[in-house]
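Worksheet for the structure shown next.
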Amino acid sequence: MFPPTNLPVPSEVLLITDELLAPADFLLHRQLAAHLKESKDSRCVLISVSEDLGRWKSVAQRSNLNLAQSLESQLLTFIDAMAHISPALDEKSKTPLKDLYIIILECLKRPHLDETKALVVLDDIAALEWMGVPLADILRFARALCAICRKYNASLIIRHHITTPGEPDDILRHLLQLCTYHMDVFSLSTGRSGSVSGQVALHCGAATSEPTHKLIPRSKAVQYRLTDTGSVFFDRGTGSGVL
């Protein structure tokens, strides 16, 4: 079955990378919906850099998920990263991501019914650099975020947009050293078709030496098709066999 239902487990870091022609939004929304539906008493902290809450609510409705209820019950905490970063950038702060880090930490420290299945989602880290946050601050923030998620036994998903496929940037190289698994979303060499929207490979990250999930190289990548209600996955060349 793809994607694996228990990826990432607590204290693991899942890096999701995507490209312009194959955005991974559907995977983030799928992971969020699965967590909130299956872990009814565990929290989720969603840190969104470029998408507003309205967009997340709209997509969630297609999966019959009411984010307003999750927010009201405090199972879901939505953090608008821009609200905490923009003032620091305007003031030319030497630590522009400090306020964002503190609020994430406070969310993880807050007691809750189920402390074993917390999920933290950061979408997306590449946008921080586009906003003008210095590279060194982004790398420190990534390390610190991974550290507190492991400390509080939370699963962490980080999305990183790749602007130049085949040429890893400094943020990507750093994240590959921090992650447990790397879900690699990329387009077909011929571009998107009517039956195939893109491909996904699963690699082992530097943070694990003994993977517990079946790894999928790019040469055998699982293909997917986006639908009105979500996505379906199938082996390359089958087109209709749903995994």
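The way I read the labels, and the way they are meant: chains A, B, ... in the order of the structure tokens, residue 1 as the first residue of every chain, and ligand 1 as the first ligand shown, with later ones counted on from there.
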Stretch 5-8 of chain A environment, 12 Å, only C-alpha atoms, sequence neighbours closer than 5 positions dropped, as a CSV table (one decimal) with N, CA and C atoms, in the first residue's frame:
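Output below, filename selection.csv:
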```csv
chain,number,residue,atom,x,y,z
A,13,VAL,N,11.2,12.0,11.0
A,13,VAL,CA,11.1,13.1,10.2
A,13,VAL,C,10.9,12.7,8.7
A,14,LEU,N,9.8,13.1,8.1
A,14,LEU,CA,9.5,12.8,6.7
A,14,LEU,C,9.7,14.0,5.9
A,15,LEU,N,10.6,14.0,5.0
A,15,LEU,CA,10.8,15.1,4.1
A,15,LEU,C,10.1,14.8,2.8
A,16,ILE,N,9.2,15.7,2.4
A,16,ILE,CA,8.5,15.6,1.1
A,16,ILE,C,9.0,16.7,0.2
A,27,LEU,N,-0.4,15.2,-1.0
A,27,LEU,CA,0.2,14.3,0.0
A,27,LEU,C,0.1,14.9,1.4
A,30,ARG,N,-3.5,14.7,2.4
A,30,ARG,CA,-3.8,13.3,2.7
A,30,ARG,C,-3.3,12.9,4.1
A,31,GLN,N,-2.1,13.3,4.4
A,31,GLN,CA,-1.5,13.0,5.7
A,31,GLN,C,-2.2,13.7,6.9
A,32,LEU,N,-2.6,14.9,6.7
A,32,LEU,CA,-3.4,15.7,7.7
A,32,LEU,C,-4.7,15.0,7.9
A,33,ALA,N,-5.4,14.7,6.9
A,33,ALA,CA,-6.8,14.1,7.0
A,33,ALA,C,-6.7,12.7,7.7
A,34,ALA,N,-5.7,11.9,7.3
A,34,ALA,CA,-5.5,10.6,7.9
A,34,ALA,C,-5.2,10.7,9.4
A,35,HIS,N,-4.4,11.7,9.8
A,35,HIS,CA,-4.0,11.8,11.2
A,35,HIS,C,-5.2,12.2,12.0
A,38,GLU,N,-7.8,9.2,12.1
A,38,GLU,CA,-7.4,8.0,12.8
A,38,GLU,C,-6.9,8.2,14.2
A,39,SER,N,-6.4,9.4,14.5
A,39,SER,CA,-5.9,9.7,15.8
A,39,SER,C,-6.8,10.7,16.5
A,117,LYS,N,1.0,10.5,19.6
A,117,LYS,CA,0.9,10.5,18.2
A,117,LYS,C,0.8,11.9,17.6
A,118,ALA,N,1.4,12.9,18.3
A,118,ALA,CA,1.4,14.3,17.8
A,118,ALA,C,2.0,14.4,16.4
A,119,LEU,N,1.5,15.2,15.5
A,119,LEU,CA,2.0,15.4,14.2
A,119,LEU,C,2.3,16.9,14.0
A,120,VAL,N,3.4,17.2,13.5
A,120,VAL,CA,3.8,18.6,13.1
A,120,VAL,C,4.0,18.6,11.6
A,121,VAL,N,3.4,19.6,10.9
A,121,VAL,CA,3.6,19.7,9.5
A,121,VAL,C,4.1,21.1,9.2
A,149,CYS,N,10.7,18.1,18.0
A,149,CYS,CA,9.8,17.0,17.7
A,149,CYS,C,10.2,15.7,18.2
A,150,ARG,N,11.5,15.4,18.1
A,150,ARG,CA,12.0,14.2,18.7
A,150,ARG,C,11.9,14.2,20.2
A,153,ASN,N,8.4,13.5,21.1
A,153,ASN,CA,7.8,12.3,20.5
A,153,ASN,C,6.8,12.6,19.4
A,154,ALA,N,7.0,13.6,18.7
A,154,ALA,CA,6.1,14.0,17.6
A,154,ALA,C,6.6,13.6,16.2
A,155,SER,N,5.7,13.3,15.3
A,155,SER,CA,6.1,13.0,14.0
A,155,SER,C,6.2,14.4,13.3
A,156,LEU,N,7.1,14.5,12.4
A,156,LEU,CA,7.3,15.8,11.7
A,156,LEU,C,7.4,15.5,10.2
A,157,ILE,N,6.6,16.3,9.4
A,157,ILE,CA,6.6,16.3,8.0
A,157,ILE,C,7.0,17.7,7.5
A,158,ILE,N,8.0,17.8,6.7
A,158,ILE,CA,8.5,19.0,6.1
A,158,ILE,C,8.4,18.9,4.6
A,179,CYS,N,16.4,14.1,7.9
A,179,CYS,CA,15.2,13.3,7.7
A,179,CYS,C,15.4,11.8,7.9
A,180,THR,N,14.3,11.1,8.3
A,180,THR,CA,14.3,9.6,8.4
A,180,THR,C,14.0,9.0,7.1
A,181,TYR,N,13.0,9.6,6.4
A,181,TYR,CA,12.6,9.2,5.1
A,181,TYR,C,12.4,10.4,4.2
A,182,HIS,N,12.6,10.2,2.9
A,182,HIS,CA,12.4,11.2,1.9
A,182,HIS,C,11.4,10.8,0.8
A,183,MET,N,10.3,11.4,0.8
A,183,MET,CA,9.3,11.1,-0.2
A,183,MET,C,9.5,12.1,-1.4
A,202,LEU,N,10.4,6.7,-2.7
A,202,LEU,CA,10.6,6.8,-1.3
A,202,LEU,C,12.0,6.3,-1.0
A,211,PRO,N,15.9,1.0,7.5
A,211,PRO,CA,14.5,1.4,7.1
A,211,PRO,C,13.5,0.3,7.4
A,212,THR,N,12.4,0.6,7.9
A,212,THR,CA,11.3,-0.3,8.2
A,212,THR,C,10.2,-0.3,7.1
A,213,HIS,N,10.3,0.6,6.2
A,213,HIS,CA,9.4,0.6,5.1
A,213,HIS,C,10.1,0.2,3.8
A,214,LYS,N,9.4,-0.3,2.8
A,214,LYS,CA,10.0,-0.7,1.6
A,214,LYS,C,10.3,0.6,0.8
```
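Omitting stretch 196-200 of chain A and its sequence neighbours fewer than 3 positions away, and counting only C-alpha atoms, the residues within 9 Å are A:Leu21, A:Ala22, A:Pro23, A:Met183, A:Asp184, A:Val185, A:Phe186, A:Ser187, A:Leu188, A:Gly191, A:Arg192, A:Ser193, A:Ile216, A:Pro217, A:Arg218, A:Ala221, A:Val222, A:Gln223, A:Tyr224, A:Arg225, A:Leu226, A:Phe233, A:Arg236, A:Gly239.
Proximity ranking of A:Ser195, A:Ile103, A:Leu75, A:Leu139 relative to A:Val232 places A:Ser195 first, based on only C-alpha atoms.
The neighbours of A:Arg62 here are the residues that come within 12 Å of it, using only C-alpha atoms and leaving out any residue fewer than 4 positions away in the same chain; they are Phe26, His29, Arg30, Ala33, Arg55, Trp56, Lys57, Ser58, Asn66, Leu67, Thr227, Asp228, Thr229, Gly230 and Ser231 of chain A.
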Output N, CA, C and O atoms of each residue in that selection to a file, as a tab-separated table (two decimals), in the first residue's frame.
```tsv
chain	number	residue	atom	x	y	z
A	26	PHE	N	-1.29	17.40	-2.42
A	26	PHE	CA	-2.22	16.31	-2.16
A	26	PHE	C	-1.71	15.37	-1.08
A	26	PHE	O	-2.50	14.82	-0.30
A	29	HIS	N	-2.21	17.16	2.41
A	29	HIS	CA	-3.63	17.12	2.79
A	29	HIS	C	-4.05	15.69	3.15
A	29	HIS	O	-4.84	15.49	4.08
A	30	ARG	N	-3.52	14.73	2.44
A	30	ARG	CA	-3.83	13.32	2.73
A	30	ARG	C	-3.31	12.92	4.11
A	30	ARG	O	-4.00	12.27	4.88
A	33	ALA	N	-5.44	14.69	6.86
A	33	ALA	CA	-6.76	14.06	7.01
A	33	ALA	C	-6.66	12.71	7.70
A	33	ALA	O	-7.46	12.40	8.59
A	55	ARG	N	-7.71	27.89	2.46
A	55	ARG	CA	-7.33	26.90	1.46
A	55	ARG	C	-7.29	25.50	2.07
A	55	ARG	O	-7.79	24.54	1.49
A	56	TRP	N	-6.73	25.37	3.27
A	56	TRP	CA	-6.66	24.07	3.94
A	56	TRP	C	-8.07	23.56	4.25
A	56	TRP	O	-8.35	22.37	4.08
A	57	LYS	N	-8.94	24.45	4.70
A	57	LYS	CA	-10.32	24.04	5.01
A	57	LYS	C	-11.04	23.57	3.75
A	57	LYS	O	-11.76	22.57	3.78
A	58	SER	N	-10.86	24.29	2.65
A	58	SER	CA	-11.53	23.96	1.40
A	58	SER	C	-11.14	22.57	0.91
A	58	SER	O	-12.00	21.77	0.52
A	66	ASN	N	-13.86	18.24	8.63
A	66	ASN	CA	-14.22	19.59	9.06
A	66	ASN	C	-13.10	20.15	9.94
A	66	ASN	O	-13.02	19.84	11.13
A	67	LEU	N	-12.23	20.97	9.35
A	67	LEU	CA	-11.11	21.51	10.11
A	67	LEU	C	-11.56	22.48	11.19
A	67	LEU	O	-10.90	22.64	12.21
A	227	THR	N	-7.61	13.23	-8.36
A	227	THR	CA	-9.04	13.19	-8.64
A	227	THR	C	-9.71	14.35	-7.91
A	227	THR	O	-9.07	15.09	-7.17
A	228	ASP	N	-11.01	14.49	-8.09
A	228	ASP	CA	-11.75	15.56	-7.42
A	228	ASP	C	-11.75	15.40	-5.91
A	228	ASP	O	-11.88	16.38	-5.17
A	229	THR	N	-11.61	14.16	-5.44
A	229	THR	CA	-11.68	13.90	-3.99
A	229	THR	C	-10.34	13.53	-3.36
A	229	THR	O	-10.28	13.28	-2.17
A	230	GLY	N	-9.28	13.47	-4.16
A	230	GLY	CA	-7.99	13.09	-3.58
A	230	GLY	C	-7.02	12.58	-4.63
A	230	GLY	O	-6.74	13.24	-5.62
A	231	SER	N	-6.53	11.35	-4.42
A	231	SER	CA	-5.53	10.79	-5.33
A	231	SER	C	-5.59	9.27	-5.28
A	231	SER	O	-6.01	8.68	-4.28
```
- Sel. of strand (DSSP E) residues, stretch 11-101 of chain A, as a PyMOL selection string: chain A and resi 13-19+42-48+76-80
Output as an mmCIF file with C-alpha atoms, in the first residue's frame all residues of stretch 71-212 of chain A that backbone DSSP marks as helix (DSSP H, G or I).
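Result went into states-v8.cif, see below:
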```
data_model
loop_
_atom_site.group_PDB
_atom_site.id
_atom_site.type_symbol
_atom_site.label_atom_id
_atom_site.label_comp_id
_atom_site.auth_asym_id
_atom_site.auth_seq_id
_atom_site.Cartn_x
_atom_site.Cartn_y
_atom_site.Cartn_z
ATOM 1 C CA LEU A 71 -9.539 23.772 15.524
ATOM 2 C CA GLU A 72 -12.332 24.328 18.039
ATOM 3 C CA ALA A 81 4.129 31.525 9.768
ATOM 4 C CA MET A 82 4.031 34.884 8.001
ATOM 5 C CA ALA A 83 2.364 36.524 11.009
ATOM 6 C CA HIS A 84 5.380 35.627 13.151
ATOM 7 C CA ILE A 85 8.140 36.134 10.589
ATOM 8 C CA SER A 86 7.190 39.334 8.739
ATOM 9 C CA PRO A 87 7.511 41.651 11.796
ATOM 10 C CA ALA A 88 10.957 40.217 12.571
ATOM 11 C CA LEU A 89 12.106 40.734 8.972
ATOM 12 C CA ASP A 90 10.747 44.287 8.964
ATOM 13 C CA LYS A 98 12.700 32.783 16.954
ATOM 14 C CA ASP A 99 9.053 33.769 17.532
ATOM 15 C CA LEU A 100 7.856 31.027 15.182
ATOM 16 C CA TYR A 101 10.002 28.449 16.966
ATOM 17 C CA ILE A 102 8.700 29.530 20.401
ATOM 18 C CA ILE A 103 5.043 29.194 19.420
ATOM 19 C CA ILE A 104 5.656 25.701 17.972
ATOM 20 C CA LEU A 105 7.443 24.712 21.163
ATOM 21 C CA GLU A 106 4.563 26.008 23.285
ATOM 22 C CA CYS A 107 2.104 23.931 21.244
ATOM 23 C CA LEU A 108 4.129 20.758 21.767
ATOM 24 C CA LYS A 109 4.547 21.398 25.501
ATOM 25 C CA ALA A 126 11.685 26.738 0.768
ATOM 26 C CA ALA A 127 9.316 29.711 0.976
ATOM 27 C CA LEU A 128 11.206 31.011 4.009
ATOM 28 C CA GLU A 129 14.231 31.729 1.833
ATOM 29 C CA TRP A 130 12.065 33.342 -0.836
ATOM 30 C CA LEU A 135 19.946 30.618 4.848
ATOM 31 C CA ALA A 136 21.828 30.138 8.127
ATOM 32 C CA ASP A 137 18.669 30.926 10.115
ATOM 33 C CA ILE A 138 16.619 28.458 8.066
ATOM 34 C CA LEU A 139 19.137 25.672 8.638
ATOM 35 C CA ARG A 140 19.249 26.371 12.401
ATOM 36 C CA PHE A 141 15.453 26.443 12.512
ATOM 37 C CA ALA A 142 15.228 23.089 10.699
ATOM 38 C CA ARG A 143 17.641 21.466 13.152
ATOM 39 C CA ALA A 144 15.824 22.941 16.151
ATOM 40 C CA LEU A 145 12.406 21.872 14.827
ATOM 41 C CA CYS A 146 13.597 18.290 14.309
ATOM 42 C CA ALA A 147 15.107 18.278 17.806
ATOM 43 C CA ILE A 148 11.962 19.429 19.640
ATOM 44 C CA CYS A 149 9.755 17.026 17.677
ATOM 45 C CA ARG A 150 11.987 14.151 18.714
ATOM 46 C CA LYS A 151 12.070 15.430 22.304
ATOM 47 C CA ASP A 170 21.741 24.014 0.428
ATOM 48 C CA ILE A 171 18.425 23.595 2.260
ATOM 49 C CA LEU A 172 17.708 20.270 0.568
ATOM 50 C CA ARG A 173 21.179 18.909 1.317
ATOM 51 C CA HIS A 174 20.704 19.870 4.967
ATOM 52 C CA LEU A 175 17.235 18.321 5.184
ATOM 53 C CA LEU A 176 18.460 15.058 3.675
ATOM 54 C CA GLN A 177 20.854 14.771 6.627
ATOM 55 C CA LEU A 178 18.041 15.389 9.131
#
```
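Atom CA of A:Ser48 to atom CA of A:Ser63 spans 19.4 Å [interatomic distance, one decimal].
Take the candidates A:Ser11, A:Ser70, A:Ser50, A:Ser42 and check each one against A:Asp25 using only C-alpha atoms; the shortest distance goes to A:Ser50.
Interatomic distance, atom CA of A:Asp169 to atom CA of A:Thr95: 22.0 Å.
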